[in-house]
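Shown next: data.cif, given as mmCIF, C-alpha atoms.
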```
data_final
#
loop_
_atom_site.label_atom_id
_atom_site.label_comp_id
_atom_site.auth_asym_id
_atom_site.auth_seq_id
_atom_site.Cartn_x
_atom_site.Cartn_y
_atom_site.Cartn_z
CA MET I 1 110.20 101.59 148.43
CA LYS I 2 109.29 99.51 145.40
CA GLY I 3 107.78 96.05 145.18
CA GLY I 4 105.84 96.27 148.44
CA TYR I 5 104.58 92.72 148.15
CA GLY I 6 108.11 91.45 148.27
CA MET I 7 108.44 89.82 144.85
CA ASP I 8 110.88 90.63 142.05
CA ASN I 9 109.91 93.89 140.50
CA TRP I 10 109.53 92.81 136.92
CA LEU I 11 107.64 96.04 136.05
CA GLU I 12 110.77 98.16 136.48
CA GLY I 13 111.71 99.72 133.14
CA LYS I 14 108.68 98.43 131.22
CA THR I 15 106.91 100.78 128.82
CA ALA I 16 103.24 100.65 129.78
CA ILE I 17 100.06 101.47 127.92
CA VAL I 18 97.10 101.83 130.29
CA ILE I 19 93.47 101.34 129.29
CA GLY I 20 91.31 101.92 132.36
CA GLU I 21 87.55 101.99 132.54
CA ARG I 22 85.13 104.38 134.17
CA ASP I 23 83.15 101.54 135.77
CA GLY I 24 86.30 99.74 136.84
CA VAL I 25 89.82 100.77 137.74
CA GLN I 26 90.41 104.11 136.04
CA GLY I 27 93.44 105.03 133.93
CA PRO I 28 95.14 107.43 136.36
CA SER I 29 94.84 104.93 139.24
CA ILE I 30 96.46 102.18 137.18
CA ALA I 31 99.17 104.59 136.02
CA THR I 32 99.94 105.55 139.63
CA CYS I 33 100.38 101.88 140.55
CA LEU I 34 102.63 101.11 137.60
CA GLU I 35 104.78 104.20 138.02
CA ALA I 36 105.27 103.38 141.70
CA ALA I 37 106.58 100.01 140.54
CA GLY I 38 109.07 101.68 138.20
CA ALA I 39 107.26 101.35 134.87
CA ASN I 40 107.23 104.13 132.30
CA VAL I 41 103.58 104.90 131.51
CA VAL I 42 103.42 106.44 128.03
CA TYR I 43 99.65 106.45 127.55
CA ALA I 44 96.84 106.28 130.11
CA VAL I 45 93.16 106.62 129.33
CA THR I 46 89.84 105.85 130.96
CA GLU I 47 87.29 104.34 128.60
CA CYS I 48 83.62 105.05 129.08
CA PHE I 49 80.93 102.84 127.59
CA VAL I 50 77.47 104.33 127.88
CA MET J 51 88.31 99.30 122.88
CA ASP J 52 87.42 102.41 120.92
CA ALA J 53 89.07 103.36 117.65
CA GLU J 54 91.10 106.23 119.07
CA ASN J 55 92.70 104.05 121.73
CA GLN J 56 93.39 101.31 119.20
CA ALA J 57 95.19 103.86 117.05
CA GLN J 58 97.27 105.04 120.01
CA VAL J 59 98.21 101.51 121.05
CA LYS J 60 99.27 100.70 117.49
CA LYS J 61 101.31 103.88 117.17
CA ILE J 62 103.13 103.40 120.47
CA ALA J 63 103.83 99.69 119.99
CA GLU J 64 105.16 100.15 116.48
CA GLY J 65 107.10 103.29 117.43
CA VAL J 66 108.92 101.68 120.35
CA GLU J 67 109.77 98.61 118.33
CA ARG J 68 111.11 100.72 115.47
CA GLU J 69 113.11 102.91 117.82
CA ASP J 70 115.03 100.36 119.82
CA GLY J 71 113.83 96.99 118.58
CA SER J 72 112.71 96.05 122.07
CA ASN J 73 109.53 94.32 123.02
CA ASN J 74 109.37 96.03 126.35
CA VAL J 75 105.84 97.34 125.89
CA ILE J 76 103.02 95.97 128.01
CA VAL J 77 99.32 96.84 128.13
CA VAL J 78 97.48 97.02 131.45
CA LEU J 79 93.67 97.01 131.55
CA GLY J 80 91.25 98.04 134.28
CA ALA J 81 87.80 96.92 133.16
CA SER J 82 85.74 95.40 135.99
CA ASP J 83 83.70 93.37 133.52
CA ILE J 84 85.86 90.38 132.72
CA GLU J 85 84.23 89.72 129.35
CA GLY J 86 84.97 93.28 128.24
CA ALA J 87 88.52 93.01 129.53
CA LEU J 88 89.08 89.82 127.56
CA ILE J 89 87.86 91.46 124.35
CA SER J 90 90.30 94.34 124.91
CA ALA J 91 93.04 91.80 125.60
CA GLU J 92 92.26 90.07 122.32
CA THR J 93 92.38 93.41 120.51
CA VAL J 94 95.96 94.17 121.57
CA THR J 95 97.23 90.66 120.92
CA VAL J 96 95.64 89.20 117.80
CA GLY J 97 93.63 92.19 116.55
CA ASP J 98 90.23 93.85 116.84
CA PRO J 99 87.63 91.04 116.87
CA SER J 100 84.96 93.41 115.56
CA PHE J 101 87.13 94.30 112.54
CA THR J 102 86.13 97.96 112.79
CA GLY J 103 89.12 99.70 114.41
CA PRO J 104 92.73 100.40 113.42
CA LEU J 105 93.81 97.07 114.97
CA ALA J 106 91.53 95.01 112.72
CA GLY J 107 93.75 92.30 111.28
CA VAL J 108 96.79 93.69 113.16
CA SER J 109 98.51 91.20 115.44
CA LEU J 110 100.63 93.24 117.86
CA ARG J 111 101.04 90.30 120.25
CA LEU J 112 101.61 92.66 123.19
CA PRO J 113 101.82 91.12 126.66
CA VAL J 114 98.53 92.16 128.25
CA TYR J 115 97.74 92.29 131.97
CA HIS J 116 94.88 93.29 134.22
CA ILE J 117 95.62 95.61 137.12
CA LEU J 118 93.75 93.25 139.47
CA GLU J 119 95.72 90.13 138.66
CA PRO J 120 98.19 88.88 141.27
CA GLU J 121 101.21 89.23 138.97
CA ILE J 122 100.74 93.01 138.84
CA LYS J 123 99.74 93.36 142.48
CA GLN J 124 102.90 91.72 143.74
CA ALA J 125 105.10 94.24 141.88
CA VAL J 126 103.35 97.39 143.13
CA PRO J 127 104.08 98.93 146.55
CA GLN J 128 101.34 97.73 148.89
CA ASP J 129 100.13 101.13 150.07
CA VAL J 130 99.89 102.53 146.54
CA TYR J 131 98.05 99.45 145.31
CA GLU J 132 95.52 99.45 148.12
CA GLU J 133 94.80 103.14 147.70
CA ASN J 134 94.28 102.96 143.94
CA ALA J 135 92.97 99.49 143.17
CA GLY J 136 92.29 97.73 146.47
CA ILE J 137 88.56 98.37 146.58
CA TRP J 138 88.08 96.55 143.28
CA GLU J 139 89.66 93.40 144.64
CA LEU J 140 86.50 92.94 146.69
CA THR J 141 84.21 92.91 143.66
CA VAL J 142 85.97 90.62 141.20
CA ASP J 143 87.59 87.21 141.27
CA THR J 144 91.24 88.26 140.98
CA GLU J 145 92.52 84.68 140.78
CA LYS J 146 90.22 83.98 137.83
CA ILE J 147 91.33 87.18 136.08
CA GLY J 148 94.93 86.13 136.64
CA GLU J 149 94.33 82.70 135.11
CA GLU J 150 92.44 84.11 132.12
CA PHE J 151 95.10 86.72 131.33
CA LYS J 152 97.94 84.30 131.86
CA ALA J 153 96.34 81.98 129.32
CA ILE J 154 95.97 84.84 126.82
CA ARG J 155 99.61 85.83 127.23
CA LYS J 156 100.76 82.28 126.78
CA LYS J 157 98.67 81.78 123.69
CA ASN J 158 98.78 85.15 121.95
CA SER J 159 101.62 87.35 123.11
CA ARG J 160 105.36 87.44 122.64
CA GLU J 161 105.77 86.24 126.19
CA GLY J 162 104.31 82.92 125.14
CA ASP J 163 107.05 82.35 122.55
#
```
Take the structure I supplied and represent it as structure tokens, if you would.
Amino acid sequence: MKGGYGMDNWLEGKTAIVIGERDGVQGPSIATCLEAAGANVVYAVTECFV
Amino acid sequence: MDAENQAQVKKIAEGVEREDGSNNVIVVLGASDIEGALISAETVTVGDPSFTGPLAGVSLRLPVYHILEPEIKQAVPQDVYEENAGIWELTVDTEKIGEEFKAIRKKNSREGD
């Protein structure tokens, strides 16, 4: 089921670029969320600032 | 945002636009530090503020979102969202992130047109 919070699923069909962060929400986690909402994730990365 | 990621964002955004003329591309960020997230948001809308990366002086005007803002949360299935991002909702002010990113989109991205 998509759009679990019950609103219009505006992410469906969007092409998404994901820039996650190691000390935040990481790229693969964001990608999983967006793909579950129907978006097409074309690039997902986790940045690391040390 | 590092130079390699700037280059990828530029390539994808320009490639999709050239291919089908659509502006269907969005960028979603995950930084927990709001200041850092806002700098990345600026980079993909009006260009690299440090003028060092491939997006220096390049205004892609991409709609940019943060994974923790309510607009994204409401579109993602609840169980998936809670498993992948839910813990971070406890550590940041998601309403504030939402307001900040909404303002950026209105001011700098194609969505604000």
Exercise for review: Identify, on the basis of all atoms listed in the file, every residue whose closest approach to Cys48 in chain I does not exceed 12 Å; exclude the query and any residue fewer than 5 positions from it along the same chain; express the result as a list of chain:residue names.
Suggested key: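 In the requested form, the answer reads I:Ile19, I:Gly20, I:Glu21, I:Arg22, I:Asp23, I:Gly24, I:Val25, I:Gln26, I:Gly27, J:Met51, J:Asp52, J:Asn55, J:Gly80, J:Ala81, J:Gly86.
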Review point. Given the choices J:Gln58, J:Ser109, J:Thr144, J:Asn74, which gets closest to Thr15 in chain I if the distance is worked out from all atoms listed in the file?
Key: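 For Thr15 in chain I, the nearest of the candidates is J:Asn74.
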Review point. Nearest to Ala39 in chain I among J:Glu69, J:Val75, J:Phe101, J:Ala63, with distances taken over only C-alpha atoms: which residue is it?
Key: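 Using only C-alpha atoms, Ala39 in chain I sits closest to J:Val75.
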Exercise for review: Mind checking which residues fall within 7 Å of Gly103 in chain J, counting only C-alpha atoms, ignoring those fewer than 3 positions away in the same chain, and posting them as a PyMOL selection string?
Suggested key: chain J and resi 53+56+98+106
Review point. What is the distance between CA of Ile122 in chain J and CA of Glu139 in chain J, in Å to one decimal?
Key: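 Between CA of Ile122 in chain J and CA of Glu139 in chain J the gap is 12.5 Å.
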Practice item. Kindly resolve the PyMOL selection byres ((chain J) within 7 of (chain I)) on the present coordinates and return the residues as a PyMOL selection string. Key: chain J and resi 74-82+117+124-128+130-131+134-135
Exercise for review: Measure the distance from CA of Glu149 in chain J to CA of Pro99 in chain J in Å and round it to one decimal.
Suggested key: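 We find that CA of Glu149 in chain J and CA of Pro99 in chain J lie 21.1 Å from each other.
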Kindly output range 111-135 of chain J as a PDB file, in the coordinates of the input, after building N, CA and C atoms.
```
ATOM      1  N   ARG J 111     100.553  91.322 119.305  1.00  0.00           N
ATOM      2  CA  ARG J 111     101.040  90.300 120.250  1.00  0.00           C
ATOM      3  C   ARG J 111     101.685  90.929 121.495  1.00  0.00           C
ATOM      4  N   LEU J 112     101.083  92.003 121.986  1.00  0.00           N
ATOM      5  CA  LEU J 112     101.610  92.660 123.190  1.00  0.00           C
ATOM      6  C   LEU J 112     101.249  91.851 124.434  1.00  0.00           C
ATOM      7  N   PRO J 113     102.169  91.760 125.385  1.00  0.00           N
ATOM      8  CA  PRO J 113     101.820  91.120 126.660  1.00  0.00           C
ATOM      9  C   PRO J 113     100.755  91.981 127.353  1.00  0.00           C
ATOM     10  N   VAL J 114      99.628  91.394 127.672  1.00  0.00           N
ATOM     11  CA  VAL J 114      98.530  92.160 128.250  1.00  0.00           C
ATOM     12  C   VAL J 114      98.216  91.652 129.655  1.00  0.00           C
ATOM     13  N   TYR J 115      97.996  92.605 130.563  1.00  0.00           N
ATOM     14  CA  TYR J 115      97.740  92.290 131.970  1.00  0.00           C
ATOM     15  C   TYR J 115      96.503  93.028 132.444  1.00  0.00           C
ATOM     16  N   HIS J 116      95.957  92.562 133.549  1.00  0.00           N
ATOM     17  CA  HIS J 116      94.880  93.290 134.220  1.00  0.00           C
ATOM     18  C   HIS J 116      95.429  93.791 135.547  1.00  0.00           C
ATOM     19  N   ILE J 117      95.082  95.014 135.892  1.00  0.00           N
ATOM     20  CA  ILE J 117      95.620  95.610 137.120  1.00  0.00           C
ATOM     21  C   ILE J 117      95.275  94.770 138.358  1.00  0.00           C
ATOM     22  N   LEU J 118      94.182  94.018 138.281  1.00  0.00           N
ATOM     23  CA  LEU J 118      93.750  93.250 139.470  1.00  0.00           C
ATOM     24  C   LEU J 118      94.329  91.845 139.531  1.00  0.00           C
ATOM     25  N   GLU J 119      95.173  91.485 138.564  1.00  0.00           N
ATOM     26  CA  GLU J 119      95.720  90.130 138.660  1.00  0.00           C
ATOM     27  C   GLU J 119      96.930  90.092 139.589  1.00  0.00           C
ATOM     28  N   PRO J 120      97.135  88.971 140.261  1.00  0.00           N
ATOM     29  CA  PRO J 120      98.190  88.880 141.270  1.00  0.00           C
ATOM     30  C   PRO J 120      99.579  89.251 140.776  1.00  0.00           C
ATOM     31  N   GLU J 121      99.880  88.961 139.512  1.00  0.00           N
ATOM     32  CA  GLU J 121     101.210  89.230 138.970  1.00  0.00           C
ATOM     33  C   GLU J 121     101.539  90.736 138.997  1.00  0.00           C
ATOM     34  N   ILE J 122     100.529  91.563 138.774  1.00  0.00           N
ATOM     35  CA  ILE J 122     100.740  93.010 138.840  1.00  0.00           C
ATOM     36  C   ILE J 122     100.777  93.452 140.309  1.00  0.00           C
ATOM     37  N   LYS J 123      99.838  92.957 141.078  1.00  0.00           N
ATOM     38  CA  LYS J 123      99.740  93.360 142.480  1.00  0.00           C
ATOM     39  C   LYS J 123     101.051  93.166 143.234  1.00  0.00           C
ATOM     40  N   GLN J 124     101.698  92.043 142.971  1.00  0.00           N
ATOM     41  CA  GLN J 124     102.900  91.720 143.740  1.00  0.00           C
ATOM     42  C   GLN J 124     104.080  92.649 143.410  1.00  0.00           C
ATOM     43  N   ALA J 125     103.990  93.358 142.265  1.00  0.00           N
ATOM     44  CA  ALA J 125     105.100  94.240 141.880  1.00  0.00           C
ATOM     45  C   ALA J 125     104.887  95.687 142.324  1.00  0.00           C
ATOM     46  N   VAL J 126     103.675  96.003 142.772  1.00  0.00           N
ATOM     47  CA  VAL J 126     103.350  97.390 143.130  1.00  0.00           C
ATOM     48  C   VAL J 126     103.457  97.566 144.653  1.00  0.00           C
ATOM     49  N   PRO J 127     104.026  98.691 145.106  1.00  0.00           N
ATOM     50  CA  PRO J 127     104.080  98.930 146.550  1.00  0.00           C
ATOM     51  C   PRO J 127     102.687  98.798 147.172  1.00  0.00           C
ATOM     52  N   GLN J 128     102.620  98.106 148.274  1.00  0.00           N
ATOM     53  CA  GLN J 128     101.340  97.730 148.890  1.00  0.00           C
ATOM     54  C   GLN J 128     100.421  98.924 149.160  1.00  0.00           C
ATOM     55  N   ASP J 129     100.988  99.997 149.722  1.00  0.00           N
ATOM     56  CA  ASP J 129     100.130 101.130 150.070  1.00  0.00           C
ATOM     57  C   ASP J 129      99.548 101.800 148.833  1.00  0.00           C
ATOM     58  N   VAL J 130     100.357 101.911 147.792  1.00  0.00           N
ATOM     59  CA  VAL J 130      99.890 102.530 146.540  1.00  0.00           C
ATOM     60  C   VAL J 130      98.795 101.661 145.917  1.00  0.00           C
ATOM     61  N   TYR J 131      99.021 100.367 145.929  1.00  0.00           N
ATOM     62  CA  TYR J 131      98.050  99.450 145.310  1.00  0.00           C
ATOM     63  C   TYR J 131      96.710  99.513 146.047  1.00  0.00           C
ATOM     64  N   GLU J 132      96.768  99.461 147.351  1.00  0.00           N
ATOM     65  CA  GLU J 132      95.520  99.450 148.120  1.00  0.00           C
ATOM     66  C   GLU J 132      94.745 100.750 147.956  1.00  0.00           C
ATOM     67  N   GLU J 133      95.463 101.849 147.856  1.00  0.00           N
ATOM     68  CA  GLU J 133      94.800 103.140 147.700  1.00  0.00           C
ATOM     69  C   GLU J 133      94.126 103.277 146.327  1.00  0.00           C
ATOM     70  N   ASN J 134      94.760 102.729 145.301  1.00  0.00           N
ATOM     71  CA  ASN J 134      94.280 102.960 143.940  1.00  0.00           C
ATOM     72  C   ASN J 134      93.450 101.826 143.345  1.00  0.00           C
ATOM     73  N   ALA J 135      93.664 100.620 143.793  1.00  0.00           N
ATOM     74  CA  ALA J 135      92.970  99.490 143.170  1.00  0.00           C
ATOM     75  C   ALA J 135      92.337  98.542 144.183  1.00  0.00           C
TER      76      ALA J 135
END
```
